[in-house]
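Shown here: entry-v2.txt, compact mmCIF, C-alpha atoms.
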```
# COMPACT_ATOMS: atom_id res chain seq x y z
CA MET W 1 124.10 161.49 38.14
CA ARG W 2 127.68 161.84 36.98
CA SER W 3 128.52 164.45 39.62
CA LEU W 4 126.94 162.25 42.32
CA TRP W 5 129.04 159.20 41.41
CA ALA W 6 132.14 161.37 41.11
CA MET W 7 131.57 162.57 44.67
CA VAL W 8 130.97 158.99 45.88
CA LEU W 9 134.22 157.85 44.29
CA LEU W 10 136.24 160.67 45.77
CA VAL W 11 134.84 159.96 49.23
CA ALA W 12 135.50 156.23 48.83
CA ALA W 13 139.03 156.88 47.62
CA CYS W 14 139.75 158.95 50.72
CA THR W 15 138.06 156.66 53.24
CA SER W 16 138.74 153.14 51.92
CA PRO W 17 141.28 151.16 53.95
CA GLN W 18 144.71 151.13 52.39
CA ALA W 19 146.13 148.25 54.38
CA MET W 20 149.10 146.46 52.83
CA PRO W 21 150.58 143.09 53.70
CA ASP W 22 153.43 143.17 56.22
CA GLY W 23 156.84 143.54 54.68
CA GLN W 24 155.59 144.88 51.36
CA ASP W 25 157.91 147.31 49.63
CA GLU W 26 157.14 149.86 47.00
CA ALA W 27 157.92 148.79 43.45
CA LYS W 28 161.46 149.77 42.56
CA GLY W 29 162.60 151.82 39.60
CA GLU W 30 164.97 150.48 36.97
CA ALA W 31 165.84 146.81 37.41
CA GLU W 32 169.36 146.09 38.60
CA ALA W 33 171.55 143.87 36.46
CA VAL W 34 171.34 140.68 38.52
CA GLU W 35 171.60 137.00 37.67
CA CYS W 36 168.60 134.82 38.43
CA GLU W 37 169.12 131.43 40.06
CA GLY W 38 167.94 129.51 37.02
CA GLY W 39 164.83 128.26 35.29
CA THR W 40 164.47 124.98 37.15
CA ALA W 41 163.93 126.90 40.39
CA LEU W 42 160.90 128.59 38.81
CA MET W 43 159.05 125.47 37.69
CA GLY W 44 155.84 125.03 39.65
CA ALA W 45 156.32 128.29 41.56
CA TYR W 46 153.31 130.34 42.70
CA PHE W 47 153.38 134.12 43.15
CA ARG W 48 150.58 136.01 44.92
CA PHE W 49 149.82 139.66 44.19
CA ASP W 50 150.71 141.81 47.21
CA ARG W 51 149.44 144.92 45.49
CA PHE W 52 147.59 145.92 42.35
CA ASP W 53 147.52 149.63 41.52
CA VAL W 54 144.79 150.31 38.97
CA LYS W 55 145.80 152.88 36.34
CA GLN W 56 142.87 152.53 33.94
CA PRO W 57 139.93 153.04 33.80
CA ARG W 58 140.61 156.30 35.61
CA GLY W 59 137.23 157.96 36.00
CA PRO W 60 136.76 161.66 36.87
CA GLU W 61 139.79 163.07 38.66
CA ASP W 62 141.24 159.52 38.72
CA GLY W 63 138.57 158.67 41.32
CA LEU W 64 137.64 155.28 39.84
CA ALA W 65 141.24 154.05 39.61
CA SER W 66 142.14 155.16 43.14
CA THR W 67 138.93 153.72 44.59
CA LEU W 68 139.51 150.31 42.99
CA THR W 69 143.14 150.37 44.13
CA ASN W 70 142.18 151.11 47.74
CA LEU W 71 139.30 148.63 47.85
CA TRP W 72 141.40 145.85 46.37
CA ALA W 73 144.32 146.67 48.67
CA ALA W 74 142.08 146.02 51.67
CA GLN W 75 140.77 142.79 50.12
CA ILE W 76 144.29 141.60 49.28
CA ALA W 77 145.48 142.31 52.82
CA ALA W 78 142.50 140.41 54.25
CA LYS W 79 143.14 137.51 51.80
CA ASP W 80 139.68 138.04 50.30
CA LEU W 81 141.24 138.77 46.90
CA ASN W 82 144.04 136.44 45.84
CA ILE W 83 145.48 136.72 42.33
CA LEU W 84 148.09 134.03 41.64
CA LEU W 85 150.64 133.41 38.91
CA HIS W 86 151.69 129.76 38.54
CA VAL W 87 154.69 128.81 36.39
CA THR W 88 153.70 125.63 34.55
CA ARG W 89 156.25 125.41 31.72
CA LEU W 90 159.70 126.82 30.99
CA ASP W 91 162.10 126.12 28.15
CA GLU W 92 165.48 127.13 29.53
CA LYS W 93 167.04 127.32 26.07
CA THR W 94 164.52 129.70 24.52
CA GLY W 95 163.17 131.31 27.70
CA GLU W 96 159.61 130.55 26.61
CA MET W 97 157.41 130.19 29.67
CA GLU W 98 153.75 129.50 30.39
CA VAL W 99 152.09 130.99 33.44
CA GLU W 100 148.63 130.19 34.73
CA ALA W 101 146.95 133.31 36.08
CA GLY W 102 143.79 133.28 38.13
CA THR W 103 141.98 133.80 41.41
CA ALA W 104 142.46 131.66 44.51
CA ARG W 105 140.59 131.10 47.76
CA TYR W 106 142.36 131.36 51.11
CA ILE W 107 141.03 128.50 53.24
CA THR W 108 140.26 129.45 56.84
CA THR W 109 138.58 126.32 58.25
CA GLY W 110 139.07 122.56 58.27
CA PRO W 111 142.22 120.49 57.76
CA SER W 112 143.32 122.65 54.80
CA ALA W 113 143.15 125.94 56.74
CA GLY W 114 146.05 128.28 56.05
CA ASN W 115 146.44 127.23 52.42
CA TYR W 116 145.47 128.80 49.10
CA GLN W 117 143.74 126.93 46.29
CA MET W 118 143.06 128.28 42.82
CA THR W 119 139.42 128.40 41.77
CA ALA W 120 138.09 126.26 38.94
CA ASP W 121 135.16 128.62 38.37
CA PRO W 122 136.48 130.65 36.68
CA PRO W 123 139.52 128.48 35.87
CA PRO W 124 143.03 129.93 35.61
CA LYS W 125 144.08 131.14 32.16
CA VAL W 126 147.43 130.40 30.48
CA LEU W 127 149.63 133.36 29.59
CA SER W 128 152.61 132.85 27.26
CA VAL W 129 155.69 134.89 28.19
CA ARG W 130 159.42 134.92 27.49
CA LEU W 131 162.04 135.11 30.23
CA GLU W 132 165.23 137.06 29.49
CA GLY W 133 167.51 137.24 32.50
CA CYS W 134 165.17 138.13 35.35
CA ARG W 135 162.67 139.97 33.16
CA PHE W 136 159.59 138.33 31.61
CA ALA W 137 157.04 139.71 29.16
CA SER W 138 154.10 138.38 27.17
CA THR W 139 154.80 137.04 23.70
CA THR W 140 151.13 136.78 22.71
CA PRO W 141 147.98 138.28 24.25
CA GLY W 142 146.04 136.07 26.65
CA ALA W 143 143.21 136.43 29.15
CA LEU W 144 142.65 136.67 32.90
CA SER W 145 139.52 136.28 35.01
CA VAL W 146 139.60 138.09 38.35
CA PHE W 147 136.88 137.50 40.94
CA PRO W 148 137.13 140.11 43.71
CA ASP W 149 134.83 140.05 46.69
CA LEU W 150 131.65 142.18 46.34
CA LEU W 151 131.20 141.20 42.68
CA THR W 152 128.49 138.97 41.18
CA VAL W 153 130.47 137.64 38.21
CA PRO W 154 134.20 137.54 37.39
CA ILE W 155 135.95 140.40 35.64
CA SER W 156 137.12 138.98 32.31
CA ILE W 157 140.21 140.82 31.10
CA LEU W 158 140.88 140.01 27.45
CA ASP W 159 143.84 140.75 25.18
CA THR W 160 145.94 140.59 28.35
CA ARG W 161 149.67 141.22 28.40
CA ILE W 162 151.88 141.09 31.48
CA GLU W 163 155.50 141.80 32.28
CA GLY W 164 157.61 141.92 35.39
CA THR W 165 161.02 141.28 36.95
CA PHE W 166 161.98 138.45 39.29
CA ASP W 167 164.40 139.24 42.07
CA ALA W 168 167.71 137.35 42.08
CA GLY W 169 166.38 134.72 44.48
CA LEU W 170 163.14 134.23 42.51
CA THR W 171 161.07 135.10 45.58
CA ARG W 172 159.31 138.20 44.25
CA VAL W 173 157.95 139.79 41.11
CA GLU W 174 158.60 143.53 40.99
CA GLN W 175 157.83 146.23 38.43
CA GLY W 176 154.86 144.15 37.31
CA HIS W 177 152.62 145.62 34.64
CA MET W 178 149.36 144.29 33.18
CA VAL W 179 147.19 145.69 30.42
CA GLY W 180 144.10 144.33 28.70
CA GLY W 181 140.48 145.19 28.08
CA ILE W 182 137.00 144.62 29.54
CA CYS W 183 134.28 144.12 26.94
CA HIS W 184 131.44 146.60 26.78
CA SER W 185 129.02 143.70 26.23
CA MET W 186 130.24 141.92 29.38
CA ALA W 187 130.02 145.01 31.57
CA LYS W 188 126.21 145.01 31.43
CA ASP W 189 126.12 141.65 33.25
CA GLN W 190 128.41 142.72 36.10
CA TYR W 191 127.06 144.04 39.40
CA PHE W 192 129.11 145.06 42.41
CA LYS W 193 129.17 146.87 45.74
CA LEU W 194 131.59 149.61 46.72
CA TYR W 195 131.60 148.32 50.31
CA LYS W 196 130.14 145.33 52.19
CA ASP W 197 127.33 147.15 54.00
CA MET W 198 126.07 148.89 50.87
CA GLU W 199 122.39 148.24 50.11
CA GLY W 200 121.91 146.62 46.73
CA CYS W 201 124.42 146.52 43.87
CA ILE W 202 125.55 148.81 41.08
CA ASN W 203 125.56 147.76 37.43
CA PHE W 204 129.08 148.17 36.07
CA LEU W 205 128.02 149.41 32.62
CA ALA W 206 125.55 151.96 34.00
CA PHE W 207 128.16 153.03 36.56
CA MET W 208 130.76 153.70 33.86
CA GLU W 209 128.28 155.59 31.71
CA ASP W 210 127.14 157.72 34.65
CA LEU W 211 130.77 158.63 35.29
CA GLY W 212 131.25 159.58 31.66
CA VAL W 213 133.81 156.79 31.13
CA MET W 214 133.25 155.62 27.57
CA PRO W 215 134.73 152.60 25.74
CA ASP W 216 138.22 153.36 24.42
CA ARG W 217 138.94 150.00 22.75
CA ASN W 218 137.44 148.67 19.52
CA ASP W 219 139.63 145.61 18.97
CA LEU W 220 138.70 143.20 21.76
CA PRO W 221 137.84 139.52 21.06
CA CYS W 222 134.49 139.80 22.84
CA GLY W 223 132.52 137.54 20.53
CA GLY W 224 129.43 138.72 18.70
CA ASP W 225 129.40 142.00 16.81
CA ASP W 226 130.67 144.33 19.53
CA PRO W 227 134.49 144.48 19.90
CA THR W 228 134.41 147.65 22.02
CA GLY W 229 135.43 147.90 25.64
CA TYR W 230 137.43 149.63 28.34
CA THR W 231 141.18 149.56 28.82
CA PHE W 232 142.16 147.82 32.05
CA GLU W 233 145.70 148.54 33.20
CA GLY W 234 147.59 148.23 36.44
CA GLU W 235 150.94 147.76 38.16
CA PHE W 236 151.60 144.94 40.60
CA VAL W 237 154.05 143.38 43.03
CA ALA W 238 153.86 139.67 43.89
CA THR W 239 155.52 137.39 46.46
CA ARG W 240 156.30 133.70 46.06
CA ILE W 241 154.20 131.39 48.24
CA THR W 242 154.39 127.64 48.82
CA ASN W 243 151.13 126.92 50.68
CA VAL W 244 149.00 126.23 47.59
CA LEU W 245 146.83 123.14 47.21
CA GLU W 246 146.26 121.51 43.82
CA PRO W 247 144.27 121.08 41.64
CA PRO W 248 141.94 124.10 41.26
CA LYS W 249 138.57 123.67 42.96
CA VAL W 250 135.03 125.04 42.59
CA PHE W 251 134.18 127.12 45.66
CA GLN W 252 130.74 128.30 46.70
CA ARG W 253 130.32 132.07 47.04
CA ASP W 254 127.85 133.63 49.45
CA PHE W 255 127.92 137.17 48.06
CA SER W 256 124.50 138.60 47.24
CA CYS W 257 123.15 141.95 46.08
CA ASN W 258 120.26 141.67 48.56
```
Turn the structure described in the file into structure tokens.
Amino acid sequence: MRSLWAMVLLVAACTSPQAMPDGQDEAKGEAEAVECEGGTALMGAYFRFDRFDVKQPRGPEDGLASTLTNLWAAQIAAKDLNILLHVTRLDEKTGEMEVEAGTARYITTGPSAGNYQMTADPPPKVLSVRLEGCRFASTTPGALSVFPDLLTVPISILDTRIEGTFDAGLTRVEQGHMVGGICHSMAKDQYFKLYKDMEGCINFLAFMEDLGVMPDRNDLPCGGDDPTGYTFEGEFVATRITNVLEPPKVFQRDFSCN
């Protein structure tokens, strides 16, 4: 079974659309020494992920990471996957900042068409970070729930830490990095499709085991007696957007494994 899934992943990695939003640049190297406009300009700001490159879990020959990266790139470009960061608090003296992170829906019909709105199910999670110059980084671990298309339940990423660099005009986040963990106990309840026309769904836990990807974390706050899980790590770029409706809302999903 492992060799079969490895082949499926390699094919998917090569054939999945790799569309990127217009105007997206590659993440830059070392950050330049620039002055940011100031904390008040960040308050209330929303940033949407333009790209999320999965680094872990890798899978055989990095097939799992590249497949997830390509699939999510297509969903991000189509506005089917929208991960937002929302600055909700900033102490300009200490640089301490709180950022809500979560999934949003892009509205395509009705009077609100053309706007994003964060989902209340699952709700956004608060991440505590510190801003130094244009660079921010987590001060304590938090959590993030991501709900891509073709998935029955959200991906809960625990023990999450993020970091990134704002550009001088506070319009983009570059050199973004996120790391956390997915609980082994949660993986058994997650089912997904590799593509929309796929018949039926795949169980995430069985999928990982078939690929030979074993838990590499034993310190996750999963609840119960099983703290084991899988490292989830990626790099991201995000662009500031203003067309976001508040507050978060519960949206109906029509995805089914049938």
Non-local contacts of Lys196 of chain W (12 Å; all atoms listed in the file; under 4 positions in same chain excluded) as an mmCIF file with C-alpha atoms, keeping the file's coordinate frame:
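Saved to result-v9.cif:
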```
data_model
loop_
_atom_site.group_PDB
_atom_site.id
_atom_site.type_symbol
_atom_site.label_atom_id
_atom_site.label_comp_id
_atom_site.auth_asym_id
_atom_site.auth_seq_id
_atom_site.Cartn_x
_atom_site.Cartn_y
_atom_site.Cartn_z
ATOM 1 C CA SER W 16 138.740 153.140 51.920
ATOM 2 C CA LEU W 71 139.300 148.630 47.850
ATOM 3 C CA ALA W 74 142.080 146.020 51.670
ATOM 4 C CA GLN W 75 140.770 142.790 50.120
ATOM 5 C CA ASP W 149 134.830 140.050 46.690
ATOM 6 C CA LEU W 150 131.650 142.180 46.340
ATOM 7 C CA LEU W 151 131.200 141.200 42.680
ATOM 8 C CA PHE W 192 129.110 145.060 42.410
ATOM 9 C CA GLY W 200 121.910 146.620 46.730
ATOM 10 C CA CYS W 201 124.420 146.520 43.870
ATOM 11 C CA PHE W 255 127.920 137.170 48.060
ATOM 12 C CA SER W 256 124.500 138.600 47.240
ATOM 13 C CA CYS W 257 123.150 141.950 46.080
ATOM 14 C CA ASN W 258 120.260 141.670 48.560
#
```
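Distance-wise, atom CA of Gly142 of chain W and atom CA of Gly180 of chain W end up 8.7 Å apart.
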- prompt: Separation of atom CA of Gly176 of chain W and atom CA of Phe207 of chain W, in Å?
  reply: 28.1 Å
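Closest to Glu235 of chain W among W:Met118, W:Ile76, W:Ile162, W:Met186 is W:Ile162, based on only C-alpha atoms.
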Between segment 145-246 of chain W and segment 103-108 of chain W, at 12 Å or less, what are the per-residue closest atom pairs and their distances in Å? Count only C-alpha atoms, order by chain and rising residue number, and return it as a tab-separated table.
```
residue	atom	partner	partner_atom	distance
W:Ser145	CA	W:Thr103	CA	7.3
W:Val146	CA	W:Thr103	CA	5.8
W:Phe147	CA	W:Thr103	CA	6.3
W:Pro148	CA	W:Thr103	CA	8.3
W:Asp149	CA	W:Arg105	CA	10.7
W:Pro154	CA	W:Thr103	CA	9.5
W:Ile155	CA	W:Thr103	CA	10.6
W:Ser156	CA	W:Thr103	CA	11.5
W:Asn243	CA	W:Tyr106	CA	9.8
W:Val244	CA	W:Ala104	CA	9.0
W:Leu245	CA	W:Ile107	CA	9.9
W:Glu246	CA	W:Ala104	CA	10.9
```
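Pairwise distance (atom CA of Lys79 of chain W, atom CA of Met178 of chain W) equals 20.8 Å.
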task: Excluding Ala45 of chain W and residues on its chain fewer than 4 positions from it, collect all residues at most 8 Å away from it, counting only C-alpha atoms, and give them as a ChimeraX atom specification.
output: /W:41,86-88,240-242
Could you save those same residues with C-alpha atoms as a JSON list (two decimals), in the frame of the given file?
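Dumped to again-v1.json:
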```json
[["chain", "number", "residue", "atom", "x", "y", "z"],
["W", 41, "ALA", "CA", 163.93, 126.90, 40.39],
["W", 86, "HIS", "CA", 151.69, 129.76, 38.54],
["W", 87, "VAL", "CA", 154.69, 128.81, 36.39],
["W", 88, "THR", "CA", 153.70, 125.63, 34.55],
["W", 240, "ARG", "CA", 156.30, 133.70, 46.06],
["W", 241, "ILE", "CA", 154.20, 131.39, 48.24],
["W", 242, "THR", "CA", 154.39, 127.64, 48.82]]
```
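Taking all atoms listed in the file, the non-local environment of Gln56 of chain W within 8 Å (same-chain residues fewer than 4 positions away omitted) comprises W:Ala65, W:Thr231, W:Phe232, W:Glu233, W:Gly234.
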How would the residues just chosen look if you wrote them out with C-alpha atoms as a compact mmCIF listing (two decimals), keeping the file's coordinate frame?
```
# COMPACT_ATOMS: atom_id res chain seq x y z
CA ALA W 65 141.24 154.05 39.61
CA THR W 231 141.18 149.56 28.82
CA PHE W 232 142.16 147.82 32.05
CA GLU W 233 145.70 148.54 33.20
CA GLY W 234 147.59 148.23 36.44
```
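Counting all atoms listed in the file and comparing W:Val153, W:Asn115, W:Glu98, W:Asp225, the residue that lies closest to Ser128 of chain W is W:Glu98.
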Centre and size of axis-aligned box enclosing segment 214-224 of chain W plus 5 Å each side, as AutoDock Vina command-line options:
```
--center_x 134.5 --center_y 146.6 --center_z 23.1 --size_x 20.2 --size_y 28.1 --size_z 18.9
```
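Each of W:Leu84, W:Ala238, W:Ile202, W:Leu90 was compared to Thr152 of chain W using all atoms listed in the file, and W:Ile202 turns out to be the nearest.
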- request: Please tell me which residues are no farther than 8 Å from (142.2, 152.7, 45.8) in the file, counting only C-alpha atoms, and write them as a PyMOL selection string.
  value: chain W and resi 13+16+18+53-54+64-73
Expected file contents, prior selection, C-alpha atoms, as a PDB file, keeping the file's coordinate frame:
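This is the output file out_28.pdb:
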```pdb
ATOM      1  CA  ALA W  13     139.030 156.880  47.620  1.00  0.00           C
ATOM      2  CA  SER W  16     138.740 153.140  51.920  1.00  0.00           C
ATOM      3  CA  GLN W  18     144.710 151.130  52.390  1.00  0.00           C
ATOM      4  CA  ASP W  53     147.520 149.630  41.520  1.00  0.00           C
ATOM      5  CA  VAL W  54     144.790 150.310  38.970  1.00  0.00           C
ATOM      6  CA  LEU W  64     137.640 155.280  39.840  1.00  0.00           C
ATOM      7  CA  ALA W  65     141.240 154.050  39.610  1.00  0.00           C
ATOM      8  CA  SER W  66     142.140 155.160  43.140  1.00  0.00           C
ATOM      9  CA  THR W  67     138.930 153.720  44.590  1.00  0.00           C
ATOM     10  CA  LEU W  68     139.510 150.310  42.990  1.00  0.00           C
ATOM     11  CA  THR W  69     143.140 150.370  44.130  1.00  0.00           C
ATOM     12  CA  ASN W  70     142.180 151.110  47.740  1.00  0.00           C
ATOM     13  CA  LEU W  71     139.300 148.630  47.850  1.00  0.00           C
ATOM     14  CA  TRP W  72     141.400 145.850  46.370  1.00  0.00           C
ATOM     15  CA  ALA W  73     144.320 146.670  48.670  1.00  0.00           C
TER      16      ALA W  73
END
```
Shell of 10 Å around Leu220 of chain W, all atoms listed in the file, local chain residues under 6 positions omitted, as a tab-separated table (two decimals) with C-alpha atoms, in the frame of the given file:
```
chain	number	residue	atom	x	y	z
W	157	ILE	CA	140.21	140.82	31.10
W	158	LEU	CA	140.88	140.01	27.45
W	159	ASP	CA	143.84	140.75	25.18
W	180	GLY	CA	144.10	144.33	28.70
W	181	GLY	CA	140.48	145.19	28.08
W	182	ILE	CA	137.00	144.62	29.54
W	183	CYS	CA	134.28	144.12	26.94
W	184	HIS	CA	131.44	146.60	26.78
W	226	ASP	CA	130.67	144.33	19.53
W	227	PRO	CA	134.49	144.48	19.90
W	228	THR	CA	134.41	147.65	22.02
W	229	GLY	CA	135.43	147.90	25.64
W	230	TYR	CA	137.43	149.63	28.34
W	231	THR	CA	141.18	149.56	28.82
```
message: Taking only C-alpha atoms into account, name the residue in W:Val126, W:Leu211, W:Ala187, W:Met198 that is nearest to Thr140 of chain W.
response: W:Val126
Exercise: Arg89 of chain W partners within 10 Å, all atoms listed in the file, chain neighbours under 6 positions left out, as a PyMOL selection string: chain W and resi 39-40+42-44+95-100+128
